[in-house]
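Structure file coords.cif with mmCIF, C-alpha atoms:
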data_my_file
loop_
_atom_site.label_atom_id
_atom_site.label_comp_id
_atom_site.auth_asym_id
_atom_site.auth_seq_id
_atom_site.Cartn_x
_atom_site.Cartn_y
_atom_site.Cartn_z
CA MET A 1 12.99 2.02 -13.82
CA VAL A 2 12.92 -1.80 -13.83
CA GLU A 3 11.83 -3.34 -17.13
CA TRP A 4 10.54 -6.82 -17.73
CA ASP A 5 13.40 -9.14 -18.72
CA GLY A 6 11.29 -11.27 -21.05
CA GLN A 7 11.09 -14.34 -18.83
CA ALA A 8 7.98 -16.46 -19.15
CA CYS A 9 5.06 -15.48 -16.92
CA ASP A 10 1.34 -16.10 -16.84
CA LEU A 11 0.29 -12.48 -16.36
CA MET A 12 1.81 -9.01 -16.23
CA ILE A 13 0.97 -6.29 -13.72
CA ALA A 14 2.67 -3.10 -14.93
CA LEU A 15 3.08 -0.12 -12.63
CA HIS A 16 2.92 3.25 -14.41
CA ALA A 17 1.36 3.48 -17.87
CA ARG A 18 3.92 5.77 -19.49
CA ARG A 19 7.11 4.43 -17.97
CA SER A 20 6.19 0.77 -18.45
CA LEU A 21 5.28 1.03 -22.13
CA ALA A 22 8.39 -0.81 -23.38
CA SER A 23 7.71 -3.77 -21.07
CA ILE A 24 4.02 -3.75 -21.93
CA ARG A 25 4.71 -3.87 -25.66
CA HIS A 26 7.32 -6.60 -25.20
CA PHE A 27 4.87 -8.69 -23.17
CA ARG A 28 2.07 -8.20 -25.68
CA ARG A 29 4.32 -9.29 -28.56
CA ARG A 30 5.65 -12.35 -26.77
CA PHE A 31 2.45 -13.47 -25.03
CA PRO A 32 -0.44 -11.86 -26.92
CA GLU A 33 -3.02 -14.18 -25.37
CA ARG A 34 -2.04 -13.60 -21.72
CA PRO A 35 -3.62 -11.11 -19.30
CA LEU A 36 -2.19 -7.63 -18.83
CA ILE A 37 -3.04 -5.30 -15.94
CA VAL A 38 -1.81 -1.70 -15.77
CA VAL A 39 -1.72 0.16 -12.44
CA LEU A 40 -2.12 3.92 -12.85
CA THR A 41 -0.06 6.24 -10.68
CA GLY A 42 -0.70 9.88 -9.86
CA THR A 43 1.31 11.25 -12.77
CA ASP A 44 -0.53 8.81 -15.07
CA VAL A 45 -3.99 9.80 -13.89
CA TYR A 46 -3.55 13.53 -13.52
CA ARG A 47 -1.12 14.23 -16.34
CA ASP A 48 0.15 11.58 -18.75
CA ILE A 49 -3.03 9.79 -19.86
CA HIS A 50 -4.44 13.13 -21.04
CA SER A 51 -1.55 14.08 -23.27
CA ASN A 52 1.13 11.42 -23.59
CA PRO A 53 0.81 8.88 -26.44
CA ASP A 54 2.86 6.26 -24.58
CA ALA A 55 0.48 6.35 -21.62
CA ARG A 56 -2.53 6.19 -23.95
CA ALA A 57 -1.06 3.17 -25.74
CA SER A 58 -0.60 1.30 -22.45
CA LEU A 59 -4.24 1.91 -21.49
CA GLN A 60 -5.44 0.60 -24.83
CA MET A 61 -3.41 -2.62 -24.55
CA ALA A 62 -4.45 -3.39 -20.96
CA ASP A 63 -7.08 -6.00 -20.22
CA ARG A 64 -7.75 -4.36 -16.84
CA LEU A 65 -6.74 -1.12 -15.17
CA ILE A 66 -6.16 -0.46 -11.48
CA VAL A 67 -6.56 2.97 -9.93
CA LEU A 68 -5.58 3.64 -6.33
CA GLN A 69 -8.52 5.75 -5.19
CA GLU A 70 -12.10 6.43 -6.21
CA ARG A 71 -11.70 9.91 -7.74
CA ALA A 72 -9.19 8.60 -10.29
CA LEU A 73 -12.09 7.05 -12.21
CA ASP A 74 -13.22 10.58 -13.11
CA GLU A 75 -10.09 10.99 -15.24
CA LEU A 76 -10.83 7.96 -17.44
CA THR A 77 -12.99 7.69 -20.52
CA LYS A 78 -16.19 5.68 -20.34
CA ALA A 79 -14.53 2.73 -22.09
CA GLU A 80 -11.58 2.85 -19.69
CA ARG A 81 -13.79 3.01 -16.60
CA VAL A 82 -15.52 -0.19 -17.71
CA LYS A 83 -12.24 -2.08 -17.34
CA ALA A 84 -10.96 -0.25 -14.23
CA ASP A 85 -11.00 -1.35 -10.60
CA ILE A 86 -10.25 0.64 -7.46
CA VAL A 87 -7.65 -1.13 -5.31
CA TYR A 88 -6.57 0.91 -2.31
CA GLN A 89 -3.04 0.38 -1.08
CA SER A 90 -2.72 -1.05 2.41
CA CYS A 91 -0.62 -0.77 5.54
CA ASP A 92 0.21 -3.68 7.82
CA THR A 93 1.39 -2.25 11.12
CA ASN A 94 0.84 -2.90 14.81
CA LEU A 95 1.70 0.67 15.77
CA LYS A 96 -0.91 2.61 17.72
CA HIS A 97 -1.37 6.35 17.89
CA ALA A 98 0.62 7.63 20.87
CA PRO A 99 1.29 11.37 20.44
CA ILE A 100 3.96 12.93 22.61
CA ALA A 101 2.78 14.95 25.58
CA ARG A 102 5.23 17.86 25.66
CA ARG A 103 4.55 19.34 22.22
CA PHE A 104 1.91 19.35 19.49
CA ARG A 105 3.78 17.36 16.87
CA ILE A 106 2.84 17.46 13.19
CA ALA A 107 4.45 14.99 10.81
CA SER A 108 5.03 15.49 7.09
CA LEU A 109 6.25 12.33 5.36
CA GLY A 110 7.55 12.11 1.82
CA HIS A 111 10.56 13.05 -0.26
CA LEU A 112 10.90 16.77 -0.96
CA ARG A 113 9.51 16.98 -4.49
CA ASP A 114 7.69 19.84 -6.16
CA GLU A 115 4.54 17.71 -6.60
CA LYS A 116 4.34 17.48 -2.79
CA ASP A 117 4.54 21.26 -2.14
CA PRO A 118 6.84 20.21 0.72
CA PHE A 119 7.42 23.63 2.24
CA CYS A 120 3.77 24.63 2.61
CA ILE A 121 3.90 23.29 6.17
CA ALA A 122 6.97 25.45 6.92
CA ARG A 123 5.31 28.52 5.41
CA ALA A 124 2.25 27.88 7.57
CA LEU A 125 4.25 28.38 10.77
CA ALA A 126 4.18 32.14 10.22
CA PHE A 127 0.40 32.00 10.78
CA ALA A 128 0.47 29.47 13.65
CA PRO A 129 2.32 31.22 16.48
CA ALA A 130 1.81 28.63 19.25
CA PRO A 131 5.25 27.74 20.68
CA GLU A 132 4.27 24.14 21.44
CA ILE A 133 3.88 23.28 17.73
CA GLU A 134 6.62 21.05 16.33
CA ILE A 135 6.93 20.17 12.65
CA VAL A 136 8.87 17.00 11.83
CA GLN A 137 9.56 16.62 8.11
CA VAL A 138 10.69 13.14 7.06
CA GLY A 139 12.05 12.51 3.57
CA ASP A 140 15.08 12.96 1.36
CA ALA A 141 15.90 16.26 -0.30
CA LEU A 142 16.17 15.31 -3.97
CA SER A 143 17.98 18.44 -5.08
CA THR A 144 20.59 20.78 -3.69
CA ALA A 145 18.09 23.64 -3.85
CA ASP A 146 15.58 21.73 -1.73
CA ARG A 147 18.25 20.88 0.82
CA ILE A 148 19.32 24.52 1.06
CA GLU A 149 15.72 25.66 1.46
CA THR A 150 15.05 23.07 4.16
CA LEU A 151 18.10 24.14 6.15
CA ALA A 152 17.03 27.77 5.78
CA TRP A 153 13.59 27.00 7.22
CA MET A 154 15.19 25.30 10.22
CA GLN A 155 17.30 28.39 10.82
CA ARG A 156 14.24 30.62 10.49
CA ASP A 157 11.95 28.75 12.89
CA ALA A 158 13.14 26.34 15.58
CA ARG A 159 9.75 24.62 15.56
CA TYR A 160 10.52 23.17 12.11
CA ARG A 161 12.77 20.12 12.00
CA TRP A 162 13.84 18.18 8.92
CA ILE A 163 15.29 14.76 9.77
CA GLY A 164 15.92 13.50 6.23
CA GLY A 165 15.05 10.11 4.81
CA ARG A 166 14.46 7.35 7.36
CA PRO A 167 13.84 3.60 7.14
CA HIS A 168 10.15 2.88 6.74
CA GLY A 169 9.65 1.49 10.24
CA ASN A 170 11.34 4.49 11.80
CA ALA A 171 9.26 6.90 9.72
CA LEU A 172 6.08 5.18 10.92
CA ARG A 173 7.18 5.55 14.54
CA TRP A 174 7.57 9.30 13.98
CA LEU A 175 4.08 9.29 12.48
CA ALA A 176 2.59 7.37 15.42
CA SER A 177 4.09 9.87 17.87
CA SER A 178 2.49 12.83 16.08
CA HIS A 179 -0.83 14.53 16.79
CA LEU A 180 -1.45 15.22 13.09
CA MET A 181 -0.10 14.37 9.68
CA VAL A 182 -0.07 17.00 6.94
CA LEU A 183 -0.17 15.97 3.28
CA SER A 184 0.29 19.06 1.12
CA SER A 185 0.56 17.43 -2.32
CA ARG A 186 -0.31 19.16 -5.57
CA MET A 187 -0.80 15.79 -7.27
CA GLU A 188 -1.51 12.36 -5.73
CA GLY A 189 -2.54 9.09 -7.29
CA GLY A 190 -3.39 7.52 -3.91
CA ALA A 191 -0.94 8.35 -1.14
CA ASN A 192 0.18 5.33 0.85
CA VAL A 193 0.98 7.62 3.77
CA ILE A 194 -2.77 8.20 4.15
CA CYS A 195 -3.21 4.44 4.49
CA GLU A 196 -0.51 4.42 7.15
CA ALA A 197 -2.02 7.32 9.08
CA ALA A 198 -5.47 5.74 8.96
CA ARG A 199 -4.27 2.34 10.13
CA ILE A 200 -2.29 3.89 13.00
CA GLY A 201 -5.02 6.40 13.85
CA VAL A 202 -3.29 9.73 13.17
CA PRO A 203 -5.66 12.47 11.94
CA VAL A 204 -4.77 13.88 8.54
CA ILE A 205 -4.86 17.43 7.23
CA ALA A 206 -4.63 17.30 3.44
CA SER A 207 -4.65 19.59 0.45
CA LYS A 208 -8.03 19.51 -1.25
CA VAL A 209 -6.97 17.78 -4.47
CA SER A 210 -8.70 14.94 -6.26
CA GLY A 211 -6.27 12.21 -5.19
CA ASN A 212 -6.59 13.07 -1.51
CA ILE A 213 -10.38 13.35 -1.72
CA GLY A 214 -10.44 9.92 -3.35
CA MET A 215 -8.60 8.48 -0.35
CA LEU A 216 -10.27 10.34 2.52
CA GLY A 217 -13.75 10.82 1.06
CA PRO A 218 -15.62 13.97 -0.03
CA GLN A 219 -17.09 14.58 3.42
CA TYR A 220 -13.77 14.58 5.27
CA SER A 221 -13.34 17.76 7.34
CA GLY A 222 -9.55 18.06 7.29
CA TYR A 223 -8.98 19.61 3.88
CA TYR A 224 -7.41 22.98 3.11
CA ALA A 225 -7.05 24.86 -0.18
CA LEU A 226 -4.03 23.72 -2.15
CA GLY A 227 -0.96 25.89 -1.61
CA ASP A 228 -2.72 28.13 0.93
CA GLU A 229 -0.46 28.20 3.99
CA ARG A 230 -2.84 30.50 5.84
CA ALA A 231 -5.67 28.00 5.42
CA LEU A 232 -3.36 25.17 6.47
CA ALA A 233 -2.33 27.06 9.60
CA LYS A 234 -5.97 27.79 10.43
CA THR A 235 -6.90 24.10 10.13
CA ILE A 236 -3.91 23.07 12.27
CA GLU A 237 -4.87 25.59 14.93
CA ARG A 238 -8.46 24.35 14.92
CA ALA A 239 -7.29 20.76 15.40
CA ARG A 240 -4.91 21.86 18.16
CA THR A 241 -7.39 23.97 20.12
CA ASP A 242 -10.80 22.41 19.40
CA PRO A 243 -11.13 18.89 20.89
CA SER A 244 -14.44 18.27 19.15
CA PHE A 245 -12.91 19.01 15.74
CA TYR A 246 -9.93 16.78 16.51
CA ARG A 247 -12.28 13.94 17.51
CA LEU A 248 -14.28 14.47 14.31
CA LEU A 249 -11.15 13.98 12.21
CA GLN A 250 -10.36 10.80 14.16
CA THR A 251 -13.88 9.47 13.66
CA GLN A 252 -14.00 10.25 9.95
CA LEU A 253 -10.61 8.65 9.36
CA ARG A 254 -11.60 5.58 11.37
CA ARG A 255 -14.53 5.05 8.99
CA ARG A 256 -12.06 4.75 6.08
CA ARG A 257 -9.63 2.49 7.94
CA ALA A 258 -10.97 -0.83 6.63
CA LEU A 259 -10.38 0.30 3.03
CA PHE A 260 -6.63 0.23 3.68
CA SER A 261 -6.30 -3.20 5.27
CA PRO A 262 -4.00 -5.83 3.71
CA ALA A 263 -7.00 -8.15 3.35
CA ALA A 264 -8.97 -5.55 1.40
CA GLU A 265 -6.03 -4.86 -0.91
CA ALA A 266 -5.43 -8.57 -1.54
CA SER A 267 -9.11 -9.16 -2.25
CA GLY A 268 -9.22 -6.26 -4.69
CA LEU A 269 -6.07 -7.34 -6.49
CA PHE A 270 -7.19 -10.96 -6.84
CA GLY A 271 -10.55 -9.77 -8.13
CA THR A 272 -8.81 -7.74 -10.83
CA VAL A 273 -6.63 -10.71 -11.76
CA ARG A 274 -9.73 -12.89 -12.24
CA LYS A 275 -11.33 -10.25 -14.45
CA ALA A 276 -8.13 -9.86 -16.48
CA VAL A 277 -7.92 -13.62 -17.07
CA ALA A 278 -11.54 -13.65 -18.25
CA ALA A 279 -10.97 -10.64 -20.52
CA ALA A 280 -7.89 -12.23 -22.10
CA ARG A 281 -9.80 -15.44 -22.80
CA ALA A 282 -12.59 -13.44 -24.42
CA ARG A 283 -10.26 -11.58 -26.79
#
Output the structure of this file as structure tokens.
Amino acid sequence: MVEWDGQACDLMIALHARRSLASIRHFRRRFPERPLIVVLTGTDVYRDIHSNPDARASLQMADRLIVLQERALDELTKAERVKADIVYQSCDTNLKHAPIARRFRIASLGHLRDEKDPFCIARALAFAPAPEIEIVQVGDALSTADRIETLAWMQRDARYRWIGGRPHGNALRWLASSHLMVLSSRMEGGANVICEAARIGVPVIASKVSGNIGMLGPQYSGYYALGDERALAKTIERARTDPSFYRLLQTQLRRRRALFSPAAEASGLFGTVRKAVAAARAR
């Protein structure tokens, strides 16, 4: 975790309420009159701000708060919502959706962490027998146990392939060559990989959790029940075999695409900065 080194600055934007508390307190002591913005991550929104005193202290000191998707506002108190802005992350890429022709490729991007339920996609293969399905899992195994489990899944089903962590550009090319992206997270603050899929044009199948709903919208048709590999397999099969359903996912995702543009993110961030400056002056 990088902490502020105390150098003079006009404003602080702190990422992660709990982990940034030391820097936030240092900034407030040194520059009590200057604006402070705190960006709330998934573990902030869905865990720490409800129980951790460090996270609560950061929220109280902030002039403005940033959340990364619309449903995160539901986790804040009325007073906190008043000073919160939604700023969606963005993706700047020229890649276009160009799925491979020989197989039905499904990408899963993200390090193998428990919060991501990373092996739900592998478990789903038992209920999706089509031989043309190919799962490509991109991301580092962060523990020996996860690495062992990943290798075991590859031995169990040749349709599942883990390729480890890749440079960002390479990971996006794997995404662009896929027919679908699966996001199986148990907890999400606002997954940037959804921004990337939307900007490229890759339909998303996502666990029905608050953070994903806040990114894709409540009416999106590509959700499945969290942790339910049978439901995930059923949704994959529907997307693979029903062209009208596949087109619906494309259309619904296209409607969200503008939210994740670099221009929209910059506009939102600058708007929050202006509000933070005004709030600091009014203190």
Checklist entry - With all atoms listed in the file as the atoms that count, which of A:Leu226, A:Ala84, A:Leu180, A:Ile236 lies nearest to Thr272 of chain A? => result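 Nearest to Thr272 of chain A: A:Ala84.
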Next on the checklist: Could you list, as a VMD selection string, every residue within 9 Å of Ala17 of chain A, counting all atoms listed in the file and ignoring same-chain residues fewer than 2 positions away?
Outcome noted: chain A and resid 14 to 15 19 to 21 24 38 to 41 44 48 to 49 54 to 59
Item to check | d(atom CA of His50 of chain A, atom CA of Lys78 of chain A) in Å | outcome: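 Atom-to-atom, atom CA of His50 of chain A to atom CA of Lys78 of chain A, that is 13.9 Å.
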Next on the checklist: Excluding Gly169 of chain A and its own-chain neighbours fewer than 5 positions away, which residues fall within 10 Å of it when counting all atoms listed in the file? Please give them as a list of chain:residue names.
Outcome noted: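 Within the cut-off, the hits are A:Thr93, A:Leu95, A:Trp174, A:Leu175.
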Result set of the PyMOL selection byres ((chain A and resi 4) around 10) on the coordinates above, as a tab-separated table (two decimals) with C-alpha atoms, in the frame of the given file:
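And here is the file that came out, result_22.tsv:
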chain	number	residue	atom	x	y	z
A	1	MET	CA	12.99	2.02	-13.82
A	2	VAL	CA	12.92	-1.80	-13.83
A	3	GLU	CA	11.83	-3.34	-17.13
A	5	ASP	CA	13.40	-9.14	-18.72
A	6	GLY	CA	11.29	-11.27	-21.05
A	7	GLN	CA	11.09	-14.34	-18.83
A	12	MET	CA	1.81	-9.01	-16.23
A	14	ALA	CA	2.67	-3.10	-14.93
A	20	SER	CA	6.19	0.77	-18.45
A	22	ALA	CA	8.39	-0.81	-23.38
A	23	SER	CA	7.71	-3.77	-21.07
A	24	ILE	CA	4.02	-3.75	-21.93
A	26	HIS	CA	7.32	-6.60	-25.20
A	27	PHE	CA	4.87	-8.69	-23.17
Next on the checklist: Ranking A:Ala197, A:Ala124, A:Met154, A:Ile66 by minimum distance to Lys83 of chain A and counting all atoms listed in the file, which one comes first?
Outcome noted: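 Closest candidate: A:Ile66.
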Next on the checklist: What would the selection look like, as a PyMOL selection string, if the PyMOL selection byres ((chain A and resi 243-248) around 12) were run on the coordinates I just shared?
Outcome noted: chain A and resi 179-180+201-205+219-222+235-242+249-255
Next on the checklist: Which residues are near His168 of chain A? Cut-off 12 Å, only C-alpha atoms, ignore same chain within fewer than 3 positions. Put them as a list in words.
Outcome noted: Cys91, Asp92, Thr93, Leu109, Gly110, Val138, Gly139, Gly165, Ala171, Leu172, Arg173, Trp174, Leu175, Asn192, Val193 and Glu196 of chain A
Since we have the selection now, will you write its residues out, keeping C-alpha atoms, as a PDB file, in the frame of the given file?
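Result saved to result20.pdb:
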ATOM      1  CA  CYS A  91      -0.620  -0.770   5.540  1.00  0.00           C
ATOM      2  CA  ASP A  92       0.210  -3.680   7.820  1.00  0.00           C
ATOM      3  CA  THR A  93       1.390  -2.250  11.120  1.00  0.00           C
ATOM      4  CA  LEU A 109       6.250  12.330   5.360  1.00  0.00           C
ATOM      5  CA  GLY A 110       7.550  12.110   1.820  1.00  0.00           C
ATOM      6  CA  VAL A 138      10.690  13.140   7.060  1.00  0.00           C
ATOM      7  CA  GLY A 139      12.050  12.510   3.570  1.00  0.00           C
ATOM      8  CA  GLY A 165      15.050  10.110   4.810  1.00  0.00           C
ATOM      9  CA  ALA A 171       9.260   6.900   9.720  1.00  0.00           C
ATOM     10  CA  LEU A 172       6.080   5.180  10.920  1.00  0.00           C
ATOM     11  CA  ARG A 173       7.180   5.550  14.540  1.00  0.00           C
ATOM     12  CA  TRP A 174       7.570   9.300  13.980  1.00  0.00           C
ATOM     13  CA  LEU A 175       4.080   9.290  12.480  1.00  0.00           C
ATOM     14  CA  ASN A 192       0.180   5.330   0.850  1.00  0.00           C
ATOM     15  CA  VAL A 193       0.980   7.620   3.770  1.00  0.00           C
ATOM     16  CA  GLU A 196      -0.510   4.420   7.150  1.00  0.00           C
TER      17      GLU A 196
END
